$ cat run_31.txt   # compact mmCIF, C-alpha atoms and all ligand atoms
# COMPACT_ATOMS: atom_id res chain seq x y z
CA ALA A 1 -48.20 -3.14 -14.02
CA LYS A 2 -45.50 -3.83 -11.44
CA ALA A 3 -46.04 -7.22 -9.81
CA GLU A 4 -45.41 -7.11 -6.08
CA GLY A 5 -45.91 -9.52 -3.23
CA PRO A 6 -47.87 -12.77 -3.25
CA GLY A 7 -49.88 -13.70 -6.30
CA ARG A 8 -47.33 -12.20 -8.65
CA SER A 9 -47.06 -15.42 -10.65
CA ALA A 10 -50.36 -14.56 -12.33
CA VAL A 11 -48.68 -11.61 -13.99
CA PHE A 12 -45.31 -13.25 -14.49
CA ASP A 13 -45.15 -12.38 -18.17
CA THR A 14 -45.96 -8.76 -17.53
CA SER A 15 -43.32 -8.52 -14.86
CA MET A 16 -40.75 -10.15 -17.16
CA TYR A 17 -41.63 -7.60 -19.78
CA ASP A 18 -41.21 -4.83 -17.22
CA ARG A 19 -37.83 -6.11 -16.26
CA VAL A 20 -36.63 -6.21 -19.86
CA ARG A 21 -37.94 -2.71 -20.47
CA GLU A 22 -36.36 -1.47 -17.26
CA ARG A 23 -33.03 -2.86 -18.39
CA ILE A 24 -33.29 -1.22 -21.77
CA GLU A 25 -34.12 2.09 -20.12
CA LEU A 26 -31.27 1.78 -17.66
CA GLU A 27 -28.89 0.95 -20.47
CA ALA A 28 -29.95 4.03 -22.45
CA ALA A 29 -29.56 6.13 -19.32
CA LEU A 30 -26.07 4.70 -18.75
CA ARG A 31 -25.06 5.58 -22.31
CA ALA A 32 -26.28 9.13 -21.74
CA ALA A 33 -24.53 9.32 -18.36
CA LEU A 34 -21.24 8.39 -19.97
CA ALA A 35 -21.70 10.95 -22.75
CA GLN A 36 -22.81 13.66 -20.33
CA ASN A 37 -20.16 13.13 -17.69
CA GLN A 38 -22.58 11.94 -15.01
CA LEU A 39 -20.18 9.30 -13.77
CA HIS A 40 -17.84 10.01 -10.90
CA VAL A 41 -14.94 8.28 -9.25
CA ALA A 42 -14.77 7.72 -5.49
CA TYR A 43 -11.57 6.73 -3.72
CA GLN A 44 -11.25 4.29 -0.83
CA PRO A 45 -8.01 4.16 1.15
CA ILE A 46 -5.88 1.03 1.38
CA VAL A 47 -3.92 1.26 4.60
CA ARG A 48 -1.24 -0.37 6.73
CA LEU A 49 -3.04 -2.40 9.37
CA ASP A 50 -0.67 -1.41 12.17
CA THR A 51 -0.40 2.36 11.69
CA GLY A 52 -3.41 3.19 9.50
CA ARG A 53 -1.10 4.98 7.06
CA PRO A 54 -2.55 5.09 3.53
CA LEU A 55 -0.56 3.02 1.05
CA GLY A 56 -2.91 3.49 -1.83
CA ALA A 57 -6.51 3.87 -2.90
CA GLU A 58 -9.03 1.97 -4.97
CA ALA A 59 -10.90 3.97 -7.61
CA LEU A 60 -14.59 2.99 -7.62
CA VAL A 61 -17.00 4.30 -10.21
CA ARG A 62 -20.20 6.05 -9.08
CA TRP A 63 -23.32 6.85 -11.04
CA HIS A 64 -25.83 9.34 -9.79
CA HIS A 65 -28.97 8.92 -11.91
CA PRO A 66 -31.05 12.14 -12.11
CA ASP A 67 -34.27 10.36 -10.99
CA ARG A 68 -33.17 7.08 -9.45
CA GLY A 69 -30.35 8.53 -7.37
CA ALA A 70 -27.24 6.43 -6.80
CA VAL A 71 -27.15 3.26 -8.90
CA SER A 72 -24.83 0.60 -7.50
CA PRO A 73 -21.88 -0.44 -9.67
CA ALA A 74 -22.88 -3.99 -8.77
CA VAL A 75 -25.96 -3.28 -10.94
CA PHE A 76 -24.61 -1.14 -13.75
CA ILE A 77 -21.17 -2.70 -14.32
CA PRO A 78 -22.69 -6.05 -15.41
CA LEU A 79 -25.13 -4.06 -17.55
CA ALA A 80 -22.23 -2.14 -19.08
CA GLU A 81 -20.48 -5.44 -19.81
CA GLU A 82 -23.49 -6.77 -21.70
CA ALA A 83 -24.13 -3.49 -23.52
CA GLY A 84 -20.54 -3.21 -24.70
CA LEU A 85 -20.04 -0.02 -22.65
CA ILE A 86 -17.52 -1.38 -20.17
CA GLY A 87 -14.54 -0.49 -22.35
CA ALA A 88 -15.53 3.17 -22.53
CA ILE A 89 -16.45 3.34 -18.83
CA GLY A 90 -13.35 1.48 -17.72
CA ASP A 91 -11.06 3.66 -19.83
CA TRP A 92 -12.71 6.76 -18.44
CA VAL A 93 -12.37 5.61 -14.81
CA ARG A 94 -8.72 4.64 -15.29
CA GLU A 95 -7.71 7.89 -16.92
CA GLU A 96 -9.58 9.88 -14.27
CA ALA A 97 -7.81 7.91 -11.52
CA VAL A 98 -4.39 8.35 -13.12
CA ARG A 99 -5.00 12.08 -13.55
CA GLN A 100 -6.05 12.33 -9.90
CA LEU A 101 -3.00 10.38 -8.79
CA ALA A 102 -0.71 12.71 -10.78
CA ARG A 103 -2.29 15.72 -9.08
CA TRP A 104 -1.99 14.22 -5.58
CA ARG A 105 1.63 13.26 -6.21
CA ALA A 106 2.45 16.77 -7.43
CA GLU A 107 0.69 18.36 -4.45
CA GLY A 108 2.33 16.08 -1.92
CA VAL A 109 -1.01 14.66 -0.83
CA VAL A 110 0.32 11.13 -1.26
CA ALA A 111 3.75 9.57 -0.87
CA ASP A 112 5.90 8.52 -3.81
CA ASP A 113 5.09 4.83 -3.22
CA PHE A 114 1.32 5.37 -3.03
CA SER A 115 -0.47 3.16 -5.54
CA MET A 116 -3.77 3.68 -7.29
CA SER A 117 -5.90 0.59 -7.88
CA VAL A 118 -8.35 0.47 -10.76
CA ASN A 119 -10.74 -2.35 -11.64
CA VAL A 120 -10.43 -3.84 -15.12
CA SER A 121 -13.05 -6.05 -16.71
CA PRO A 122 -12.33 -9.18 -18.76
CA ARG A 123 -13.34 -7.40 -21.95
CA GLN A 124 -10.82 -4.62 -21.41
CA LEU A 125 -8.09 -7.19 -20.89
CA ASN A 126 -9.04 -8.82 -24.16
CA ASP A 127 -8.07 -5.69 -26.09
CA PRO A 128 -4.55 -6.03 -27.53
CA ASP A 129 -4.17 -2.23 -27.52
CA LEU A 130 -4.66 -1.89 -23.76
CA PRO A 131 -0.95 -1.98 -22.76
CA MET A 132 -0.12 0.73 -25.30
CA ILE A 133 -3.04 2.88 -24.15
CA VAL A 134 -2.06 2.51 -20.48
CA SER A 135 1.59 3.20 -21.24
CA ALA A 136 0.74 6.40 -23.16
CA GLU A 137 -1.60 7.48 -20.36
CA LEU A 138 1.04 7.04 -17.66
CA THR A 139 3.59 8.96 -19.72
CA ARG A 140 1.12 11.75 -20.47
CA HIS A 141 0.37 12.23 -16.78
CA GLY A 142 3.92 11.64 -15.59
CA VAL A 143 2.99 8.72 -13.34
CA PRO A 144 5.39 5.76 -12.91
CA ALA A 145 3.87 2.40 -13.89
CA ARG A 146 4.49 0.90 -10.43
CA ALA A 147 2.06 3.46 -9.00
CA LEU A 148 -0.80 1.88 -10.95
CA ALA A 149 -2.41 -1.42 -9.93
CA LEU A 150 -5.04 -3.14 -12.03
CA GLU A 151 -7.54 -5.37 -10.23
CA MET A 152 -9.05 -8.31 -12.08
CA THR A 153 -11.10 -11.31 -11.07
CA GLU A 154 -9.76 -14.85 -11.17
CA SER A 155 -12.04 -15.67 -14.11
CA VAL A 156 -9.88 -13.46 -16.33
CA MET A 157 -7.00 -15.88 -15.99
CA VAL A 158 -9.05 -19.06 -15.92
CA ASP A 159 -11.15 -18.26 -19.00
CA GLY A 160 -8.82 -15.75 -20.65
CA SER A 161 -7.87 -15.89 -24.32
CA SER A 162 -4.32 -15.87 -25.65
CA VAL A 163 -4.83 -12.13 -26.26
CA THR A 164 -5.57 -11.65 -22.56
CA THR A 165 -2.48 -13.61 -21.60
CA ARG A 166 -0.30 -11.42 -23.82
CA VAL A 167 -1.97 -8.25 -22.53
CA LEU A 168 -1.26 -9.25 -18.92
CA PHE A 169 2.39 -9.98 -19.64
CA GLU A 170 2.79 -6.69 -21.51
CA LEU A 171 1.18 -4.73 -18.69
CA ARG A 172 3.47 -6.40 -16.18
CA GLU A 173 6.42 -5.68 -18.48
CA LEU A 174 5.52 -1.99 -18.24
CA GLY A 175 5.74 -2.26 -14.45
CA VAL A 176 2.02 -2.05 -13.68
CA ARG A 177 0.95 -4.13 -10.66
CA LEU A 178 -1.63 -6.85 -11.26
CA LEU A 179 -3.92 -7.87 -8.43
CA VAL A 180 -6.40 -10.75 -8.17
CA ASP A 181 -9.65 -9.22 -6.87
CA ASP A 182 -12.16 -11.03 -4.65
CA PHE A 183 -9.52 -13.69 -4.10
CA GLY A 184 -10.89 -17.03 -2.94
CA THR A 185 -14.41 -16.65 -4.27
CA GLY A 186 -13.94 -18.05 -7.75
CA PHE A 187 -11.83 -21.11 -8.29
CA SER A 188 -10.09 -23.74 -6.26
CA ALA A 189 -7.40 -24.42 -8.86
CA LEU A 190 -4.66 -21.91 -8.14
CA GLY A 191 -2.26 -22.87 -10.92
CA TYR A 192 -2.95 -19.58 -12.68
CA LEU A 193 -1.06 -17.76 -9.92
CA ARG A 194 2.14 -19.25 -11.29
CA ARG A 195 1.25 -18.99 -14.97
CA PHE A 196 0.32 -15.31 -14.92
CA PRO A 197 2.42 -12.31 -13.86
CA VAL A 198 0.23 -11.51 -10.86
CA THR A 199 1.81 -9.33 -8.14
CA GLY A 200 -0.78 -9.58 -5.39
CA VAL A 201 -4.16 -10.76 -4.15
CA LYS A 202 -7.07 -9.05 -2.46
CA ILE A 203 -8.74 -11.36 0.03
CA ASP A 204 -12.50 -11.15 -0.46
CA ARG A 205 -14.66 -9.59 2.21
CA SER A 206 -16.57 -12.87 2.66
CA PHE A 207 -13.49 -14.37 4.36
CA VAL A 208 -12.74 -11.24 6.37
CA SER A 209 -16.20 -10.81 7.87
CA GLY A 210 -16.00 -13.96 9.99
CA LEU A 211 -12.57 -13.23 11.43
CA GLY A 212 -12.47 -13.14 15.19
CA GLN A 213 -15.46 -15.54 15.28
CA SER A 214 -14.89 -18.25 12.71
CA ILE A 215 -11.93 -20.60 13.01
CA GLU A 216 -12.54 -21.74 9.42
CA ASP A 217 -12.21 -18.24 7.98
CA GLU A 218 -9.08 -17.71 10.03
CA GLU A 219 -7.59 -20.92 8.65
CA ILE A 220 -8.42 -19.86 5.08
CA VAL A 221 -6.75 -16.50 5.58
CA ARG A 222 -3.73 -18.21 7.12
CA ALA A 223 -3.46 -20.48 4.09
CA VAL A 224 -3.76 -17.52 1.70
CA VAL A 225 -1.01 -15.70 3.60
CA ALA A 226 1.34 -18.71 3.54
CA MET A 227 0.78 -19.27 -0.16
CA SER A 228 1.09 -15.59 -1.06
CA HIS A 229 4.35 -15.28 0.85
CA ALA A 230 5.71 -18.38 -0.86
CA LEU A 231 4.85 -16.87 -4.25
CA GLY A 232 6.04 -13.38 -3.35
CA LEU A 233 2.58 -11.85 -3.68
CA SER A 234 1.26 -8.81 -1.85
CA ILE A 235 -1.97 -9.20 0.18
CA VAL A 236 -4.74 -6.70 0.87
CA ALA A 237 -7.72 -7.72 3.02
CA GLU A 238 -10.99 -6.23 1.77
CA GLY A 239 -14.08 -5.16 3.66
CA VAL A 240 -12.46 -4.71 7.08
CA GLU A 241 -15.17 -3.22 9.28
CA THR A 242 -14.09 -3.90 12.86
CA ARG A 243 -10.97 -3.70 15.01
CA ARG A 244 -11.50 -7.31 15.85
CA GLN A 245 -11.18 -8.25 12.18
CA ARG A 246 -8.15 -6.00 11.81
CA ASP A 247 -6.42 -7.59 14.79
CA ALA A 248 -7.23 -11.11 13.61
CA LEU A 249 -5.80 -10.23 10.18
CA ALA A 250 -2.65 -8.80 11.70
CA ALA A 251 -2.26 -11.98 13.77
CA THR A 252 -2.28 -14.06 10.56
CA GLY A 253 0.42 -11.88 8.98
CA VAL A 254 -1.70 -9.69 6.71
CA THR A 255 -0.32 -6.13 6.65
CA GLN A 256 -2.65 -4.19 4.35
CA GLY A 257 -6.38 -3.60 4.59
CA GLN A 258 -9.26 -1.74 3.05
CA GLY A 259 -12.71 -1.19 4.52
CA TRP A 260 -15.12 0.95 6.45
CA LEU A 261 -12.97 0.71 9.60
CA TRP A 262 -10.74 3.32 7.93
CA GLY A 263 -13.20 4.79 5.50
CA ALA A 264 -15.60 4.19 2.64
CA ALA A 265 -14.95 5.41 -0.89
CA VAL A 266 -15.31 9.20 -1.06
CA PRO A 267 -14.95 11.87 -3.77
CA ALA A 268 -11.43 13.17 -4.41
CA PRO A 269 -11.72 16.42 -2.39
CA GLU A 270 -12.82 14.51 0.73
CA PHE A 271 -10.11 11.94 0.27
CA ARG A 272 -7.54 14.72 0.07
CA GLU A 273 -8.96 16.45 3.15
CA ARG A 274 -8.91 13.29 5.22
CA TRP A 275 -5.73 11.62 4.06
CA HIS A 276 -3.42 14.48 3.16
CA ALA A 277 0.22 13.73 3.89
CA GLY A 278 -0.56 10.35 5.37
CA ARG A 279 -2.70 11.55 8.23
CA PRO A 280 -3.83 8.30 9.90
CA ALA A 281 -7.43 7.35 10.66
P1 LIG B 301 -14.94 -4.64 -5.52
O1 LIG B 301 -13.87 -4.41 -6.54
O2 LIG B 301 -14.83 -5.88 -4.68
O3 LIG B 301 -14.94 -3.32 -4.65
C1 LIG B 301 -15.13 -3.30 -3.29
C2 LIG B 301 -16.56 -3.06 -2.93
O4 LIG B 301 -16.74 -3.25 -1.53
C3 LIG B 301 -17.00 -1.63 -3.22
O5 LIG B 301 -18.38 -1.63 -3.54
C4 LIG B 301 -16.79 -0.97 -1.87
O6 LIG B 301 -17.54 0.21 -1.70
C5 LIG B 301 -17.24 -2.06 -0.94
N1 LIG B 301 -16.66 -1.95 0.40
C6 LIG B 301 -15.48 -1.38 0.72
N2 LIG B 301 -15.23 -1.49 2.04
C7 LIG B 301 -16.27 -2.15 2.58
C8 LIG B 301 -16.59 -2.59 3.91
O7 LIG B 301 -15.85 -2.38 4.89
N3 LIG B 301 -17.75 -3.27 4.08
C9 LIG B 301 -18.58 -3.52 3.04
N4 LIG B 301 -19.72 -4.18 3.31
N5 LIG B 301 -18.32 -3.13 1.76
C10 LIG B 301 -17.18 -2.46 1.53
P2 LIG B 301 -18.92 -0.84 -4.80
O8 LIG B 301 -18.24 0.47 -4.90
O9 LIG B 301 -20.41 -0.90 -4.69
O10 LIG B 301 -18.43 -1.68 -6.02
C11 LIG B 301 -18.98 -2.94 -6.30
C12 LIG B 301 -18.20 -3.63 -7.39
O11 LIG B 301 -18.36 -2.96 -8.65
C13 LIG B 301 -16.69 -3.64 -7.15
O12 LIG B 301 -16.39 -4.62 -6.22
C14 LIG B 301 -16.18 -3.89 -8.55
O13 LIG B 301 -16.21 -5.26 -8.85
C15 LIG B 301 -17.19 -3.17 -9.42
N6 LIG B 301 -16.65 -1.87 -9.86
C16 LIG B 301 -16.64 -0.69 -9.21
N7 LIG B 301 -16.03 0.27 -9.96
C17 LIG B 301 -15.63 -0.34 -11.11
C18 LIG B 301 -14.93 0.11 -12.30
O14 LIG B 301 -14.52 1.26 -12.46
N8 LIG B 301 -14.72 -0.84 -13.28
C19 LIG B 301 -15.13 -2.13 -13.16
N9 LIG B 301 -14.88 -2.99 -14.15
N10 LIG B 301 -15.77 -2.59 -12.05
C20 LIG B 301 -16.02 -1.70 -11.04
CA CA B 302 -11.78 -4.19 -6.81
CA CA B 303 -12.73 -6.73 -4.41
CA CA B 304 -15.61 -7.97 -3.48

$ encode --input "run_31.txt" --output "structure tokens" --more "lines below"
Ligand code: C2E
Ligand code: CA
Ligand code: CA
Ligand code: CA
Amino acid sequence: AKAEGPGRSAVFDTSMYDRVRERIELEAALRAALAQNQLHVAYQPIVRLDTGRPLGAEALVRWHHPDRGAVSPAVFIPLAEEAGLIGAIGDWVREEAVRQLARWRAEGVVADDFSMSVNVSPRQLNDPDLPMIVSAELTRHGVPARALALEMTESVMVDGSSVTTRVLFELRELGVRLLVDDFGTGFSALGYLRRFPVTGVKIDRSFVSGLGQSIEDEEIVRAVVAMSHALGLSIVAEGVETRRQRDALAATGVTQGQGWLWGAAVPAPEFRERWHAGRPA
């Protein structure tokens, strides 16, 4: 019995039970999806704000469930973390993205300095073998390490183990770029930016959405820009949807953006079609 609307508290236990069962079902389905190649990778361009030229792309995993349709990664990534599946999913997404990047480089779809961003979860970064695996993967596909960027949340560095710290330094040693994802949403103590070999930050969409209207958001972005420049970090603004936001970002000194203004994440063939040889938006 699915409890809906008012009066649901009477069947609270039933609905709790349903939710647990639903999670177990979804988890089993996710396991099957991974085994049966039902996951896909979509690519969203990261562009120069002034010209719209693509500088890179972010690989975002997609799951099309046979009955439920598209399941949001915001739902199934946390599930995968809890179920211990994130390592397998994350490895699969990264290798797929590196393989795609190698193909696009060989075909001249992207420039030599184009970089592919892939999300990495805290658990993946706690695996001491990760640098070796990434290094072998890059070699196998003939992709230079600087063309790969790994995106991680601030929590990785704030809560990270000594293994994670070593993994980050080894990845950076390889030449892989390390970006702080959703920058600004997690922690106010920024000391980790100096302690870890981070190369850039991605300003969270929540600060970008108010640009052009909110003085506060503009001040926050200005502060992020000043600090990032002082530390030699690259900056990408996420979730840019309007020209107004783009222009406000440019006025604060941000040069790179990602968002629906230029395009959502799309499957590889569409990305190629739209962005081949740096065709601007
Ligand atoms: P994220 O890393 O912050 O990724 C950006 C999210 O914002 C994506 O949602 C993207 O589709 C969405 N987005 C991009 N441009 C715009 C815009 O202009 N406006 C708005 N409103 N949204 C925009 P998505 O694909 O649903 O991914 C959600 C989250 O799931 C990601 O957030 C990331 O944390 C996680 N995720 C996705 N793929 C992977 C993966 O392969 N591994 C791991 N560990 N996490 C992943
Ligand atoms: Ca990301
Ligand atoms: Ca992000
Ligand atoms: Ca985000």

$ residues_near_ligand --input "run_31.txt" --ligand "ligand CA 302 (chain B)" --cutoff "8 Å" --atoms "all atoms listed in the file" --output "PyMOL selection string"
chain A and resi 58+60+117-119+151-152+181-182

$ closest_residue --input "run_31.txt" --among "A:Gly84, A:Pro54, A:Gly210, A:Pro122" --to "ligand LIG 301 (chain B)" --atoms "all atoms listed in the file"
A:Pro122

$ atom_distance --input "run_31.txt" --atom1 "CA of Thr199 in chain A" --atom2 "CA of Leu178 in chain A"
5.3 Å

$ atom_distance --input "run_31.txt" --atom1 "CA of Arg243 in chain A" --atom2 "CA of Leu261 in chain A"
7.3 Å

$ closest_residue --input "run_31.txt" --among "A:His229, A:Arg222, A:Arg244, A:Arg194" --to "Leu49 in chain A" --atoms "all atoms listed in the file"
A:Arg244

$ residues_near_ligand --input "run_31.txt" --ligand "ligand CA 304 (chain B)" --cutoff "9 Å" --atoms "all atoms listed in the file" --output "NGL selection string"
:A and (181-183 or 185 or 202-206 or 238-239)

$ residues_near_ligand --input "run_31.txt" --ligand "ligand LIG 301 (chain B)" --cutoff "9 Å" --atoms "all atoms listed in the file" --output "PyMOL selection string"
chain A and resi 41-42+44+58-62+71-78+80-81+86-87+89-94+118-122+124+151-153+181-182+202+204-205+209+238-242+258-265

$ atom_distance --input "run_31.txt" --atom1 "CA of Glu219 in chain A" --atom2 "CA of Leu190 in chain A"
17.1 Å

$ decode --input "run_31.txt" --residues "range 127-151 of chain A" --atoms "N, CA, C and O atoms" --output "JSON list (two decimals), in the first residue's frame"
[["chain", "number", "residue", "atom", "x", "y", "z"],
["A", 127, "ASP", "N", 41.17, 4.23, -2.42],
["A", 127, "ASP", "CA", 41.78, 3.00, -2.91],
["A", 127, "ASP", "C", 43.23, 3.28, -3.33],
["A", 127, "ASP", "O", 43.46, 4.02, -4.28],
["A", 128, "PRO", "N", 44.18, 2.70, -2.61],
["A", 128, "PRO", "CA", 45.59, 3.00, -2.90],
["A", 128, "PRO", "C", 46.02, 2.60, -4.32],
["A", 128, "PRO", "O", 47.04, 3.07, -4.81],
["A", 129, "ASP", "N", 45.25, 1.74, -4.97],
["A", 129, "ASP", "CA", 45.61, 1.31, -6.33],
["A", 129, "ASP", "C", 45.14, 2.29, -7.42],
["A", 129, "ASP", "O", 45.51, 2.14, -8.59],
["A", 130, "LEU", "N", 44.30, 3.26, -7.03],
["A", 130, "LEU", "CA", 43.71, 4.13, -8.05],
["A", 130, "LEU", "C", 44.73, 4.82, -8.97],
["A", 130, "LEU", "O", 44.57, 4.78, -10.20],
["A", 131, "PRO", "N", 45.80, 5.42, -8.42],
["A", 131, "PRO", "CA", 46.76, 6.09, -9.32],
["A", 131, "PRO", "C", 47.35, 5.14, -10.37],
["A", 131, "PRO", "O", 47.48, 5.51, -11.54],
["A", 132, "MET", "N", 47.67, 3.93, -9.94],
["A", 132, "MET", "CA", 48.25, 2.95, -10.85],
["A", 132, "MET", "C", 47.23, 2.57, -11.94],
["A", 132, "MET", "O", 47.57, 2.46, -13.12],
["A", 133, "ILE", "N", 45.98, 2.39, -11.53],
["A", 133, "ILE", "CA", 44.93, 2.02, -12.48],
["A", 133, "ILE", "C", 44.73, 3.14, -13.51],
["A", 133, "ILE", "O", 44.66, 2.90, -14.71],
["A", 134, "VAL", "N", 44.68, 4.38, -13.02],
["A", 134, "VAL", "CA", 44.49, 5.53, -13.91],
["A", 134, "VAL", "C", 45.67, 5.68, -14.85],
["A", 134, "VAL", "O", 45.51, 5.89, -16.06],
["A", 135, "SER", "N", 46.87, 5.52, -14.31],
["A", 135, "SER", "CA", 48.07, 5.64, -15.12],
["A", 135, "SER", "C", 48.08, 4.61, -16.26],
["A", 135, "SER", "O", 48.35, 4.94, -17.43],
["A", 136, "ALA", "N", 47.75, 3.36, -15.92],
["A", 136, "ALA", "CA", 47.73, 2.29, -16.92],
["A", 136, "ALA", "C", 46.66, 2.58, -17.98],
["A", 136, "ALA", "O", 46.88, 2.36, -19.19],
["A", 137, "GLU", "N", 45.52, 3.11, -17.53],
["A", 137, "GLU", "CA", 44.42, 3.41, -18.43],
["A", 137, "GLU", "C", 44.81, 4.50, -19.45],
["A", 137, "GLU", "O", 44.53, 4.39, -20.64],
["A", 138, "LEU", "N", 45.46, 5.54, -18.94],
["A", 138, "LEU", "CA", 45.87, 6.63, -19.82],
["A", 138, "LEU", "C", 46.88, 6.13, -20.85],
["A", 138, "LEU", "O", 46.80, 6.47, -22.04],
["A", 139, "THR", "N", 47.83, 5.34, -20.39],
["A", 139, "THR", "CA", 48.83, 4.77, -21.30],
["A", 139, "THR", "C", 48.18, 3.90, -22.36],
["A", 139, "THR", "O", 48.46, 4.02, -23.55],
["A", 140, "ARG", "N", 47.27, 3.03, -21.90],
["A", 140, "ARG", "CA", 46.60, 2.10, -22.81],
["A", 140, "ARG", "C", 45.86, 2.84, -23.92],
["A", 140, "ARG", "O", 45.82, 2.41, -25.05],
["A", 141, "HIS", "N", 45.25, 3.97, -23.57],
["A", 141, "HIS", "CA", 44.47, 4.71, -24.56],
["A", 141, "HIS", "C", 45.27, 5.84, -25.22],
["A", 141, "HIS", "O", 44.74, 6.57, -26.06],
["A", 142, "GLY", "N", 46.51, 6.00, -24.81],
["A", 142, "GLY", "CA", 47.35, 7.02, -25.43],
["A", 142, "GLY", "C", 46.87, 8.44, -25.14],
["A", 142, "GLY", "O", 46.96, 9.32, -26.00],
["A", 143, "VAL", "N", 46.38, 8.67, -23.94],
["A", 143, "VAL", "CA", 45.90, 10.00, -23.56],
["A", 143, "VAL", "C", 46.86, 10.60, -22.52],
["A", 143, "VAL", "O", 47.20, 9.94, -21.54],
["A", 144, "PRO", "N", 47.32, 11.85, -22.74],
["A", 144, "PRO", "CA", 48.21, 12.46, -21.74],
["A", 144, "PRO", "C", 47.44, 12.76, -20.45],
["A", 144, "PRO", "O", 46.26, 13.11, -20.49],
["A", 145, "ALA", "N", 48.13, 12.63, -19.32],
["A", 145, "ALA", "CA", 47.47, 12.80, -18.01],
["A", 145, "ALA", "C", 46.82, 14.18, -17.87],
["A", 145, "ALA", "O", 45.76, 14.31, -17.26],
["A", 146, "ARG", "N", 47.43, 15.22, -18.44],
["A", 146, "ARG", "CA", 46.87, 16.56, -18.29],
["A", 146, "ARG", "C", 45.51, 16.71, -18.95],
["A", 146, "ARG", "O", 44.78, 17.67, -18.70],
["A", 147, "ALA", "N", 45.16, 15.77, -19.84],
["A", 147, "ALA", "CA", 43.86, 15.82, -20.51],
["A", 147, "ALA", "C", 42.75, 15.21, -19.65],
["A", 147, "ALA", "O", 41.59, 15.24, -20.04],
["A", 148, "LEU", "N", 43.11, 14.68, -18.49],
["A", 148, "LEU", "CA", 42.10, 14.12, -17.59],
["A", 148, "LEU", "C", 42.00, 14.98, -16.34],
["A", 148, "LEU", "O", 43.00, 15.33, -15.73],
["A", 149, "ALA", "N", 40.77, 15.33, -15.97],
["A", 149, "ALA", "CA", 40.53, 16.05, -14.72],
["A", 149, "ALA", "C", 39.59, 15.22, -13.86],
["A", 149, "ALA", "O", 38.62, 14.67, -14.36],
["A", 150, "LEU", "N", 39.92, 15.08, -12.60],
["A", 150, "LEU", "CA", 39.05, 14.35, -11.69],
["A", 150, "LEU", "C", 38.36, 15.35, -10.77],
["A", 150, "LEU", "O", 39.01, 16.22, -10.19],
["A", 151, "GLU", "N", 37.04, 15.25, -10.68],
["A", 151, "GLU", "CA", 36.25, 16.16, -9.84],
["A", 151, "GLU", "C", 35.87, 15.48, -8.54],
["A", 151, "GLU", "O", 35.32, 14.40, -8.55]]
